[in-house]
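The data block below is input23.txt; it holds compact mmCIF, N, CA, C and O atoms.
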```
# COMPACT_ATOMS: atom_id res chain seq x y z
N MET A 1 0.83 -1.19 0.00
CA MET A 1 0.00 0.00 0.00
C MET A 1 0.87 1.25 0.00
O MET A 1 1.77 1.39 0.80
N GLY A 2 0.60 2.16 -0.88
CA GLY A 2 1.27 3.46 -0.88
C GLY A 2 2.75 3.40 -1.16
O GLY A 2 3.29 2.39 -1.59
N ASP A 3 3.39 4.53 -0.93
CA ASP A 3 4.82 4.66 -1.17
C ASP A 3 5.61 3.95 -0.08
O ASP A 3 5.20 3.95 1.08
N PRO A 4 6.79 3.42 -0.45
CA PRO A 4 7.63 2.81 0.58
C PRO A 4 8.12 3.87 1.57
O PRO A 4 8.21 5.05 1.23
N MET A 5 8.39 3.43 2.78
CA MET A 5 8.96 4.33 3.78
C MET A 5 10.39 4.65 3.38
O MET A 5 11.08 3.82 2.78
N ARG A 6 10.84 5.84 3.71
CA ARG A 6 12.25 6.18 3.53
C ARG A 6 12.93 5.93 4.87
O ARG A 6 12.59 6.56 5.88
N ILE A 7 13.88 5.01 4.86
CA ILE A 7 14.56 4.60 6.09
C ILE A 7 16.06 4.82 5.91
O ILE A 7 16.66 4.35 4.96
N ARG A 8 16.64 5.56 6.84
CA ARG A 8 18.08 5.78 6.87
C ARG A 8 18.56 5.33 8.25
O ARG A 8 17.99 5.72 9.27
N ALA A 9 19.62 4.54 8.27
CA ALA A 9 20.16 4.06 9.54
C ALA A 9 21.68 4.01 9.43
O ALA A 9 22.21 3.37 8.51
N ALA A 10 22.36 4.69 10.33
CA ALA A 10 23.82 4.73 10.31
C ALA A 10 24.37 4.48 11.70
O ALA A 10 23.85 5.01 12.69
N GLU A 11 25.43 3.66 11.76
CA GLU A 11 26.06 3.31 13.04
C GLU A 11 27.29 4.18 13.26
O GLU A 11 28.04 4.48 12.34
N ASN A 12 27.46 4.62 14.51
CA ASN A 12 28.64 5.39 14.91
C ASN A 12 28.97 5.00 16.35
O ASN A 12 28.16 5.24 17.25
N ASN A 13 30.14 4.38 16.56
CA ASN A 13 30.58 3.96 17.91
C ASN A 13 29.55 3.09 18.63
O ASN A 13 29.29 3.28 19.82
N GLY A 14 28.95 2.14 17.91
CA GLY A 14 28.01 1.21 18.53
C GLY A 14 26.60 1.73 18.72
O GLY A 14 25.74 1.05 19.27
N ILE A 15 26.35 2.96 18.29
CA ILE A 15 25.01 3.54 18.38
C ILE A 15 24.47 3.74 16.95
O ILE A 15 25.14 4.33 16.11
N VAL A 16 23.28 3.20 16.71
CA VAL A 16 22.65 3.34 15.39
C VAL A 16 21.59 4.44 15.48
O VAL A 16 20.71 4.39 16.35
N GLU A 17 21.71 5.42 14.60
CA GLU A 17 20.67 6.45 14.50
C GLU A 17 19.77 6.09 13.33
O GLU A 17 20.24 5.88 12.21
N VAL A 18 18.47 6.02 13.61
CA VAL A 18 17.48 5.63 12.61
C VAL A 18 16.57 6.82 12.32
O VAL A 18 16.08 7.48 13.24
N LYS A 19 16.35 7.07 11.03
CA LYS A 19 15.42 8.11 10.59
C LYS A 19 14.44 7.47 9.62
O LYS A 19 14.86 6.79 8.67
N ILE A 20 13.14 7.67 9.88
CA ILE A 20 12.10 7.05 9.07
C ILE A 20 11.07 8.09 8.68
O ILE A 20 10.55 8.81 9.54
N LEU A 21 10.74 8.15 7.39
CA LEU A 21 9.65 8.99 6.91
C LEU A 21 8.58 8.07 6.36
O LEU A 21 8.83 7.29 5.45
N MET A 22 7.38 8.13 6.96
CA MET A 22 6.25 7.30 6.56
C MET A 22 5.25 8.16 5.80
O MET A 22 4.83 9.20 6.32
N LYS A 23 4.85 7.74 4.61
CA LYS A 23 3.84 8.47 3.84
C LYS A 23 2.46 7.98 4.28
O LYS A 23 2.13 6.82 4.09
N HIS A 24 1.68 8.86 4.90
CA HIS A 24 0.32 8.52 5.33
C HIS A 24 -0.44 9.81 5.58
O HIS A 24 0.09 10.76 6.15
N ASP A 25 -1.72 9.86 5.17
CA ASP A 25 -2.53 11.07 5.32
C ASP A 25 -2.85 11.42 6.78
O ASP A 25 -3.04 12.60 7.10
N MET A 26 -2.94 10.44 7.66
CA MET A 26 -3.15 10.67 9.09
C MET A 26 -4.36 11.59 9.35
O MET A 26 -4.25 12.62 10.01
N GLU A 27 -5.51 11.22 8.84
CA GLU A 27 -6.74 12.00 9.06
C GLU A 27 -7.26 11.80 10.48
O GLU A 27 -7.39 10.67 10.95
N THR A 28 -7.62 12.89 11.16
CA THR A 28 -8.06 12.84 12.55
C THR A 28 -9.53 12.48 12.71
O THR A 28 -9.97 12.08 13.78
N GLY A 29 -10.31 12.66 11.64
CA GLY A 29 -11.75 12.47 11.75
C GLY A 29 -12.46 13.74 12.16
O GLY A 29 -13.68 13.76 12.35
N GLN A 30 -11.71 14.85 12.30
CA GLN A 30 -12.30 16.12 12.73
C GLN A 30 -12.31 17.16 11.61
O GLN A 30 -12.98 18.18 11.76
N ARG A 31 -11.59 16.89 10.52
CA ARG A 31 -11.59 17.85 9.41
C ARG A 31 -12.80 17.62 8.51
O ARG A 31 -13.33 16.52 8.45
N LYS A 32 -13.19 18.67 7.80
CA LYS A 32 -14.32 18.57 6.87
C LYS A 32 -13.83 18.76 5.44
O LYS A 32 -12.86 19.48 5.19
N ASP A 33 -14.51 18.09 4.50
CA ASP A 33 -14.17 18.26 3.09
C ASP A 33 -14.84 19.53 2.56
O ASP A 33 -15.49 20.28 3.31
N ALA A 34 -14.70 19.81 1.25
CA ALA A 34 -15.23 21.04 0.66
C ALA A 34 -16.75 21.14 0.79
O ALA A 34 -17.30 22.24 0.85
N ALA A 35 -17.43 19.99 0.87
CA ALA A 35 -18.89 19.98 1.01
C ALA A 35 -19.34 20.08 2.47
O ALA A 35 -20.54 20.08 2.75
N GLY A 36 -18.39 20.16 3.40
CA GLY A 36 -18.74 20.28 4.81
C GLY A 36 -18.94 18.95 5.52
O GLY A 36 -19.34 18.91 6.67
N LYS A 37 -18.68 17.83 4.82
CA LYS A 37 -18.79 16.50 5.42
C LYS A 37 -17.51 16.14 6.15
O LYS A 37 -16.42 16.45 5.69
N LEU A 38 -17.66 15.50 7.31
CA LEU A 38 -16.47 15.06 8.05
C LEU A 38 -15.69 14.03 7.25
O LEU A 38 -16.28 13.11 6.68
N ILE A 39 -14.38 14.20 7.20
CA ILE A 39 -13.50 13.21 6.58
C ILE A 39 -13.26 12.13 7.64
O ILE A 39 -12.85 12.43 8.76
N PRO A 40 -13.54 10.86 7.32
CA PRO A 40 -13.39 9.79 8.32
C PRO A 40 -11.96 9.69 8.86
O PRO A 40 -11.00 9.93 8.14
N ALA A 41 -11.87 9.33 10.13
CA ALA A 41 -10.56 9.13 10.75
C ALA A 41 -9.82 8.01 10.03
O ALA A 41 -10.41 6.99 9.67
N TRP A 42 -8.53 8.21 9.81
CA TRP A 42 -7.68 7.21 9.17
C TRP A 42 -6.25 7.55 9.52
O TRP A 42 -5.67 8.49 9.01
N PHE A 43 -5.67 6.80 10.46
CA PHE A 43 -4.33 7.13 10.93
C PHE A 43 -3.60 5.87 11.37
O PHE A 43 -4.21 4.84 11.67
N ILE A 44 -2.28 5.96 11.40
CA ILE A 44 -1.44 4.87 11.88
C ILE A 44 -1.66 4.73 13.38
O ILE A 44 -1.67 5.72 14.11
N THR A 45 -1.86 3.49 13.84
CA THR A 45 -2.09 3.26 15.26
C THR A 45 -0.90 2.61 15.96
O THR A 45 -0.73 2.76 17.16
N MET A 46 -0.07 1.86 15.19
CA MET A 46 1.03 1.13 15.80
C MET A 46 2.23 1.12 14.86
O MET A 46 2.07 0.91 13.67
N VAL A 47 3.41 1.38 15.43
CA VAL A 47 4.66 1.31 14.67
C VAL A 47 5.62 0.41 15.44
O VAL A 47 5.72 0.50 16.66
N SER A 48 6.33 -0.45 14.71
CA SER A 48 7.32 -1.33 15.32
C SER A 48 8.57 -1.34 14.45
O SER A 48 8.47 -1.37 13.22
N VAL A 49 9.74 -1.31 15.10
CA VAL A 49 11.00 -1.42 14.39
C VAL A 49 11.79 -2.55 15.04
O VAL A 49 12.01 -2.55 16.25
N LYS A 50 12.20 -3.51 14.21
CA LYS A 50 13.01 -4.63 14.70
C LYS A 50 14.37 -4.58 14.02
O LYS A 50 14.48 -4.30 12.84
N ALA A 51 15.41 -4.87 14.81
CA ALA A 51 16.78 -4.99 14.30
C ALA A 51 17.22 -6.42 14.56
O ALA A 51 17.17 -6.87 15.71
N GLN A 52 17.59 -7.12 13.50
CA GLN A 52 17.99 -8.53 13.63
C GLN A 52 16.90 -9.34 14.35
O GLN A 52 17.19 -10.24 15.12
N GLY A 53 15.62 -8.99 14.14
CA GLY A 53 14.50 -9.72 14.73
C GLY A 53 14.11 -9.30 16.14
O GLY A 53 13.12 -9.77 16.68
N LYS A 54 14.88 -8.39 16.76
CA LYS A 54 14.59 -7.93 18.12
C LYS A 54 14.00 -6.53 18.07
O LYS A 54 14.55 -5.64 17.41
N GLU A 55 12.88 -6.32 18.76
CA GLU A 55 12.24 -5.01 18.74
C GLU A 55 13.11 -3.97 19.43
O GLU A 55 13.51 -4.15 20.58
N VAL A 56 13.39 -2.87 18.70
CA VAL A 56 14.21 -1.78 19.26
C VAL A 56 13.41 -0.49 19.40
O VAL A 56 13.88 0.47 19.99
N PHE A 57 12.20 -0.47 18.83
CA PHE A 57 11.33 0.71 18.94
C PHE A 57 9.89 0.26 18.73
O PHE A 57 9.61 -0.54 17.84
N ALA A 58 8.99 0.78 19.57
CA ALA A 58 7.56 0.52 19.40
C ALA A 58 6.80 1.76 19.85
O ALA A 58 7.20 2.43 20.81
N ALA A 59 5.73 2.09 19.13
CA ALA A 59 4.94 3.27 19.49
C ALA A 59 3.48 3.05 19.12
O ALA A 59 3.18 2.38 18.12
N ASP A 60 2.61 3.60 19.94
CA ASP A 60 1.18 3.69 19.62
C ASP A 60 0.91 5.11 19.20
O ASP A 60 1.22 6.05 19.94
N PHE A 61 0.38 5.28 18.00
CA PHE A 61 0.06 6.60 17.48
C PHE A 61 -1.42 6.89 17.69
O PHE A 61 -2.23 5.99 17.83
N GLY A 62 -1.77 8.18 17.65
CA GLY A 62 -3.16 8.62 17.74
C GLY A 62 -3.40 9.73 16.75
O GLY A 62 -2.60 9.97 15.84
N THR A 63 -4.47 10.46 16.94
CA THR A 63 -4.87 11.49 15.99
C THR A 63 -3.98 12.73 16.04
O THR A 63 -4.04 13.55 15.14
N ALA A 64 -3.15 12.87 17.05
CA ALA A 64 -2.32 14.08 17.17
C ALA A 64 -1.04 14.01 16.33
O ALA A 64 -0.29 14.98 16.28
N ILE A 65 -0.78 12.90 15.68
CA ILE A 65 0.42 12.76 14.85
C ILE A 65 0.14 13.34 13.47
O ILE A 65 -0.88 13.06 12.84
N SER A 66 1.07 14.14 12.96
CA SER A 66 0.87 14.85 11.69
C SER A 66 0.94 13.93 10.47
O SER A 66 1.44 12.80 10.55
N LYS A 67 0.49 14.45 9.35
CA LYS A 67 0.58 13.76 8.07
C LYS A 67 2.05 13.43 7.78
O LYS A 67 2.94 14.20 8.12
N ASP A 68 2.28 12.28 7.14
CA ASP A 68 3.63 11.84 6.78
C ASP A 68 4.58 11.88 7.98
O ASP A 68 5.57 12.63 8.00
N PRO A 69 4.31 11.05 9.00
CA PRO A 69 5.12 11.08 10.22
C PRO A 69 6.61 10.82 9.97
O PRO A 69 6.97 10.00 9.13
N PHE A 70 7.44 11.52 10.75
CA PHE A 70 8.89 11.35 10.71
C PHE A 70 9.34 10.89 12.10
O PHE A 70 8.99 11.50 13.09
N LEU A 71 10.10 9.78 12.14
CA LEU A 71 10.64 9.27 13.40
C LEU A 71 12.16 9.37 13.36
O LEU A 71 12.78 9.15 12.32
N ASN A 72 12.75 9.65 14.51
CA ASN A 72 14.20 9.69 14.65
C ASN A 72 14.51 9.14 16.04
O ASN A 72 14.05 9.68 17.04
N PHE A 73 15.26 8.03 16.10
CA PHE A 73 15.62 7.44 17.39
C PHE A 73 16.97 6.73 17.26
O PHE A 73 17.49 6.55 16.15
N LYS A 74 17.53 6.33 18.41
CA LYS A 74 18.82 5.64 18.44
C LYS A 74 18.69 4.36 19.26
O LYS A 74 17.87 4.29 20.17
N TYR A 75 19.52 3.37 18.91
CA TYR A 75 19.61 2.14 19.70
C TYR A 75 21.04 1.61 19.59
O TYR A 75 21.80 2.01 18.70
N LYS A 76 21.40 0.72 20.52
CA LYS A 76 22.73 0.10 20.47
C LYS A 76 22.68 -0.99 19.41
O LYS A 76 21.89 -1.93 19.52
N GLY A 77 23.53 -0.85 18.38
CA GLY A 77 23.51 -1.82 17.30
C GLY A 77 24.80 -1.79 16.50
O GLY A 77 25.78 -1.17 16.91
N SER A 78 24.75 -2.44 15.34
CA SER A 78 25.94 -2.62 14.52
C SER A 78 25.68 -2.30 13.06
O SER A 78 24.56 -2.45 12.58
N ARG A 79 26.72 -1.94 12.38
CA ARG A 79 26.67 -1.79 10.93
C ARG A 79 26.28 -3.14 10.34
O ARG A 79 26.73 -4.18 10.81
N GLY A 80 25.38 -3.12 9.36
CA GLY A 80 24.93 -4.37 8.74
C GLY A 80 23.65 -4.93 9.35
O GLY A 80 23.06 -5.85 8.80
N ASP A 81 23.21 -4.40 10.52
CA ASP A 81 21.93 -4.85 11.09
C ASP A 81 20.83 -4.71 10.04
O ASP A 81 20.79 -3.74 9.29
N LYS A 82 19.94 -5.69 10.01
CA LYS A 82 18.77 -5.62 9.13
C LYS A 82 17.60 -5.06 9.94
O LYS A 82 17.26 -5.59 11.00
N LEU A 83 17.02 -3.97 9.46
CA LEU A 83 15.88 -3.34 10.12
C LEU A 83 14.60 -3.70 9.40
O LEU A 83 14.56 -3.70 8.16
N LEU A 84 13.55 -3.98 10.16
CA LEU A 84 12.22 -4.19 9.62
C LEU A 84 11.30 -3.18 10.30
O LEU A 84 11.13 -3.21 11.52
N VAL A 85 10.75 -2.26 9.52
CA VAL A 85 9.86 -1.22 10.03
C VAL A 85 8.44 -1.56 9.57
O VAL A 85 8.21 -1.77 8.38
N SER A 86 7.49 -1.63 10.53
CA SER A 86 6.12 -2.00 10.21
C SER A 86 5.15 -1.04 10.88
O SER A 86 5.42 -0.53 11.96
N TRP A 87 4.01 -0.82 10.22
CA TRP A 87 2.93 -0.06 10.85
C TRP A 87 1.58 -0.66 10.48
O TRP A 87 1.46 -1.39 9.50
N VAL A 88 0.57 -0.33 11.29
CA VAL A 88 -0.83 -0.73 11.06
C VAL A 88 -1.67 0.52 11.27
O VAL A 88 -1.40 1.33 12.17
N ASP A 89 -2.71 0.70 10.43
CA ASP A 89 -3.57 1.87 10.61
C ASP A 89 -5.01 1.47 10.98
O ASP A 89 -5.31 0.29 11.13
N THR A 90 -5.86 2.47 11.15
CA THR A 90 -7.23 2.25 11.62
C THR A 90 -8.09 1.47 10.63
O THR A 90 -9.12 0.93 11.01
N ARG A 91 -7.69 1.39 9.38
CA ARG A 91 -8.43 0.59 8.38
C ARG A 91 -7.92 -0.84 8.32
O ARG A 91 -8.42 -1.64 7.54
N GLY A 92 -6.91 -1.14 9.12
CA GLY A 92 -6.30 -2.46 9.08
C GLY A 92 -5.24 -2.60 8.01
O GLY A 92 -4.68 -3.67 7.81
N ASP A 93 -4.96 -1.48 7.29
CA ASP A 93 -3.89 -1.51 6.29
C ASP A 93 -2.56 -1.66 7.01
O ASP A 93 -2.38 -1.15 8.13
N LYS A 94 -1.63 -2.36 6.37
CA LYS A 94 -0.31 -2.60 6.96
C LYS A 94 0.76 -2.27 5.95
O LYS A 94 0.55 -2.37 4.75
N ARG A 95 1.92 -1.91 6.45
CA ARG A 95 3.07 -1.67 5.58
C ARG A 95 4.31 -2.12 6.33
O ARG A 95 4.45 -1.87 7.53
N SER A 96 5.23 -2.76 5.63
CA SER A 96 6.53 -3.15 6.20
C SER A 96 7.59 -2.86 5.15
O SER A 96 7.39 -3.14 3.96
N ASP A 97 8.69 -2.29 5.58
CA ASP A 97 9.83 -2.04 4.71
C ASP A 97 11.10 -2.40 5.46
O ASP A 97 11.13 -2.35 6.69
N GLU A 98 12.13 -2.76 4.69
CA GLU A 98 13.40 -3.17 5.28
C GLU A 98 14.52 -2.22 4.86
O GLU A 98 14.44 -1.58 3.81
N ALA A 99 15.56 -2.19 5.69
CA ALA A 99 16.76 -1.41 5.38
C ALA A 99 17.92 -2.04 6.13
O ALA A 99 17.73 -2.81 7.08
N SER A 100 19.12 -1.71 5.70
CA SER A 100 20.34 -2.17 6.39
C SER A 100 21.06 -0.97 6.97
O SER A 100 21.07 0.10 6.38
N VAL A 101 21.67 -1.19 8.13
CA VAL A 101 22.43 -0.14 8.80
C VAL A 101 23.76 0.03 8.07
O VAL A 101 24.45 -0.96 7.80
N SER A 102 24.11 1.28 7.77
CA SER A 102 25.39 1.56 7.10
C SER A 102 26.41 2.09 8.11
O SER A 102 26.09 2.44 9.21
```
Would you put the structure from the file into structure tokens?
Amino acid sequence: MGDPMRIRAAENNGIVEVKILMKHDMETGQRKDAAGKLIPAWFITMVSVKAQGKEVFAADFGTAISKDPFLNFKYKGSRGDKLLVSWVDTRGDKRSDEASVS
């Protein structure tokens, strides 16, 4: 579904900095369209990041997160780690993308 996430991960002295840009409209359910009808809520509810199969980041999102969320976090890891980034939204849509730590 949709565009792939942009994932950048770089290791420096045993610390991996991860940057993720997720393409998603993140509708709150409170905005109205041009006809004055409420736009239904549609947003990412859960994000998980695994490195080498071990969860290194997890978050529950809500309506306060902006369109096209950007995440930036660090964990203890190594160059070459395989990252799996996954999310689920209120419609049950899912997305997973992979990247390697440089």
Could you name the residues that touch Gln52 of chain A at 7 Å or less, counting only N, CA, C and O atoms, but leaving out those on the same chain fewer than 6 positions away, as a PDB file with N, CA, C and O atoms, keeping the file's coordinate frame?
```pdb
ATOM      1  N   ASP A  81      23.210  -4.400  10.520  1.00  0.00           N
ATOM      2  CA  ASP A  81      21.930  -4.850  11.090  1.00  0.00           C
ATOM      3  C   ASP A  81      20.830  -4.710  10.040  1.00  0.00           C
ATOM      4  O   ASP A  81      20.790  -3.740   9.290  1.00  0.00           O
ATOM      5  N   LYS A  82      19.940  -5.690  10.010  1.00  0.00           N
ATOM      6  CA  LYS A  82      18.770  -5.620   9.130  1.00  0.00           C
ATOM      7  C   LYS A  82      17.600  -5.060   9.940  1.00  0.00           C
ATOM      8  O   LYS A  82      17.260  -5.590  11.000  1.00  0.00           O
ATOM      9  N   LEU A  83      17.020  -3.970   9.460  1.00  0.00           N
ATOM     10  CA  LEU A  83      15.880  -3.340  10.120  1.00  0.00           C
ATOM     11  C   LEU A  83      14.600  -3.700   9.400  1.00  0.00           C
ATOM     12  O   LEU A  83      14.560  -3.700   8.160  1.00  0.00           O
ATOM     13  N   LEU A  84      13.550  -3.980  10.160  1.00  0.00           N
ATOM     14  CA  LEU A  84      12.220  -4.190   9.620  1.00  0.00           C
ATOM     15  C   LEU A  84      11.300  -3.180  10.300  1.00  0.00           C
ATOM     16  O   LEU A  84      11.130  -3.210  11.520  1.00  0.00           O
TER      17      LEU A  84
END
```
>> Could you tell me how far atom CA of Ala10 of chain A sits from atom CA of Glu98 of chain A, in Å to one decimal place?
In response: 14.0 Å
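Among the candidates A:Asp93, A:Arg79, A:Val88, A:Met22, the residue lying nearest to Ile7 of chain A is A:Met22 (atoms considered: only C-alpha atoms).
Counting only N, CA, C and O atoms, the residue from A:Val16, A:Asp60, A:Ser78, A:Val101 that sits nearest to Ser48 of chain A is A:Asp60.
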Can you list, as a PDB file with N, CA, C and O atoms, in the frame of the given file, every protein, DNA or RNA residue that comes within 8 Å of Met5 of chain A when you count all atoms listed in the file, leaving out same-chain residues fewer than 3 positions away?
```
ATOM      1  N   MET A   1       0.830  -1.190   0.000  1.00  0.00           N
ATOM      2  CA  MET A   1       0.000   0.000   0.000  1.00  0.00           C
ATOM      3  C   MET A   1       0.870   1.250   0.000  1.00  0.00           C
ATOM      4  O   MET A   1       1.770   1.390   0.800  1.00  0.00           O
ATOM      5  N   GLY A   2       0.600   2.160  -0.880  1.00  0.00           N
ATOM      6  CA  GLY A   2       1.270   3.460  -0.880  1.00  0.00           C
ATOM      7  C   GLY A   2       2.750   3.400  -1.160  1.00  0.00           C
ATOM      8  O   GLY A   2       3.290   2.390  -1.590  1.00  0.00           O
ATOM      9  N   ARG A   8      16.640   5.560   6.840  1.00  0.00           N
ATOM     10  CA  ARG A   8      18.080   5.780   6.870  1.00  0.00           C
ATOM     11  C   ARG A   8      18.560   5.330   8.250  1.00  0.00           C
ATOM     12  O   ARG A   8      17.990   5.720   9.270  1.00  0.00           O
ATOM     13  N   LYS A  19      16.350   7.070  11.030  1.00  0.00           N
ATOM     14  CA  LYS A  19      15.420   8.110  10.590  1.00  0.00           C
ATOM     15  C   LYS A  19      14.440   7.470   9.620  1.00  0.00           C
ATOM     16  O   LYS A  19      14.860   6.790   8.670  1.00  0.00           O
ATOM     17  N   ILE A  20      13.140   7.670   9.880  1.00  0.00           N
ATOM     18  CA  ILE A  20      12.100   7.050   9.070  1.00  0.00           C
ATOM     19  C   ILE A  20      11.070   8.090   8.680  1.00  0.00           C
ATOM     20  O   ILE A  20      10.550   8.810   9.540  1.00  0.00           O
ATOM     21  N   LEU A  21      10.740   8.150   7.390  1.00  0.00           N
ATOM     22  CA  LEU A  21       9.650   8.990   6.910  1.00  0.00           C
ATOM     23  C   LEU A  21       8.580   8.070   6.360  1.00  0.00           C
ATOM     24  O   LEU A  21       8.830   7.290   5.450  1.00  0.00           O
ATOM     25  N   MET A  22       7.380   8.130   6.960  1.00  0.00           N
ATOM     26  CA  MET A  22       6.250   7.300   6.560  1.00  0.00           C
ATOM     27  C   MET A  22       5.250   8.160   5.800  1.00  0.00           C
ATOM     28  O   MET A  22       4.830   9.200   6.320  1.00  0.00           O
ATOM     29  N   LYS A  23       4.850   7.740   4.610  1.00  0.00           N
ATOM     30  CA  LYS A  23       3.840   8.470   3.840  1.00  0.00           C
ATOM     31  C   LYS A  23       2.460   7.980   4.280  1.00  0.00           C
ATOM     32  O   LYS A  23       2.130   6.820   4.090  1.00  0.00           O
ATOM     33  N   VAL A  85      10.750  -2.260   9.520  1.00  0.00           N
ATOM     34  CA  VAL A  85       9.860  -1.220  10.030  1.00  0.00           C
ATOM     35  C   VAL A  85       8.440  -1.560   9.570  1.00  0.00           C
ATOM     36  O   VAL A  85       8.210  -1.770   8.380  1.00  0.00           O
ATOM     37  N   ARG A  95       1.920  -1.910   6.450  1.00  0.00           N
ATOM     38  CA  ARG A  95       3.070  -1.670   5.580  1.00  0.00           C
ATOM     39  C   ARG A  95       4.310  -2.120   6.330  1.00  0.00           C
ATOM     40  O   ARG A  95       4.450  -1.870   7.530  1.00  0.00           O
ATOM     41  N   SER A  96       5.230  -2.760   5.630  1.00  0.00           N
ATOM     42  CA  SER A  96       6.530  -3.150   6.200  1.00  0.00           C
ATOM     43  C   SER A  96       7.590  -2.860   5.150  1.00  0.00           C
ATOM     44  O   SER A  96       7.390  -3.140   3.960  1.00  0.00           O
ATOM     45  N   ASP A  97       8.690  -2.290   5.580  1.00  0.00           N
ATOM     46  CA  ASP A  97       9.830  -2.040   4.710  1.00  0.00           C
ATOM     47  C   ASP A  97      11.100  -2.400   5.460  1.00  0.00           C
ATOM     48  O   ASP A  97      11.130  -2.350   6.690  1.00  0.00           O
ATOM     49  N   GLU A  98      12.130  -2.760   4.690  1.00  0.00           N
ATOM     50  CA  GLU A  98      13.400  -3.170   5.280  1.00  0.00           C
ATOM     51  C   GLU A  98      14.520  -2.220   4.860  1.00  0.00           C
ATOM     52  O   GLU A  98      14.440  -1.580   3.810  1.00  0.00           O
TER      53      GLU A  98
END
```
>> Taking 3 positions as the minimum chain separation for residues in the same chain, which residues sit within 7 Å of Gly14 of chain A when counting all atoms listed in the file? Answer as a PyMOL selection string.
In response: chain A and resi 11+75-78
Could you write out that same residue set with N, CA, C and O atoms as a PDB file, keeping the file's coordinate frame?
```
ATOM      1  N   GLU A  11      25.430   3.660  11.760  1.00  0.00           N
ATOM      2  CA  GLU A  11      26.060   3.310  13.040  1.00  0.00           C
ATOM      3  C   GLU A  11      27.290   4.180  13.260  1.00  0.00           C
ATOM      4  O   GLU A  11      28.040   4.480  12.340  1.00  0.00           O
ATOM      5  N   TYR A  75      19.520   3.370  18.910  1.00  0.00           N
ATOM      6  CA  TYR A  75      19.610   2.140  19.700  1.00  0.00           C
ATOM      7  C   TYR A  75      21.040   1.610  19.590  1.00  0.00           C
ATOM      8  O   TYR A  75      21.800   2.010  18.700  1.00  0.00           O
ATOM      9  N   LYS A  76      21.400   0.720  20.520  1.00  0.00           N
ATOM     10  CA  LYS A  76      22.730   0.100  20.470  1.00  0.00           C
ATOM     11  C   LYS A  76      22.680  -0.990  19.410  1.00  0.00           C
ATOM     12  O   LYS A  76      21.890  -1.930  19.520  1.00  0.00           O
ATOM     13  N   GLY A  77      23.530  -0.850  18.380  1.00  0.00           N
ATOM     14  CA  GLY A  77      23.510  -1.820  17.300  1.00  0.00           C
ATOM     15  C   GLY A  77      24.800  -1.790  16.500  1.00  0.00           C
ATOM     16  O   GLY A  77      25.780  -1.170  16.910  1.00  0.00           O
ATOM     17  N   SER A  78      24.750  -2.440  15.340  1.00  0.00           N
ATOM     18  CA  SER A  78      25.940  -2.620  14.520  1.00  0.00           C
ATOM     19  C   SER A  78      25.680  -2.300  13.060  1.00  0.00           C
ATOM     20  O   SER A  78      24.560  -2.450  12.580  1.00  0.00           O
TER      21      SER A  78
END
```
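Restricting the calculation to only N, CA, C and O atoms, the smallest distance between Lys94 of chain A and any of A:Gly62, A:Met46, A:Gly80, A:Glu55 is found for A:Met46.
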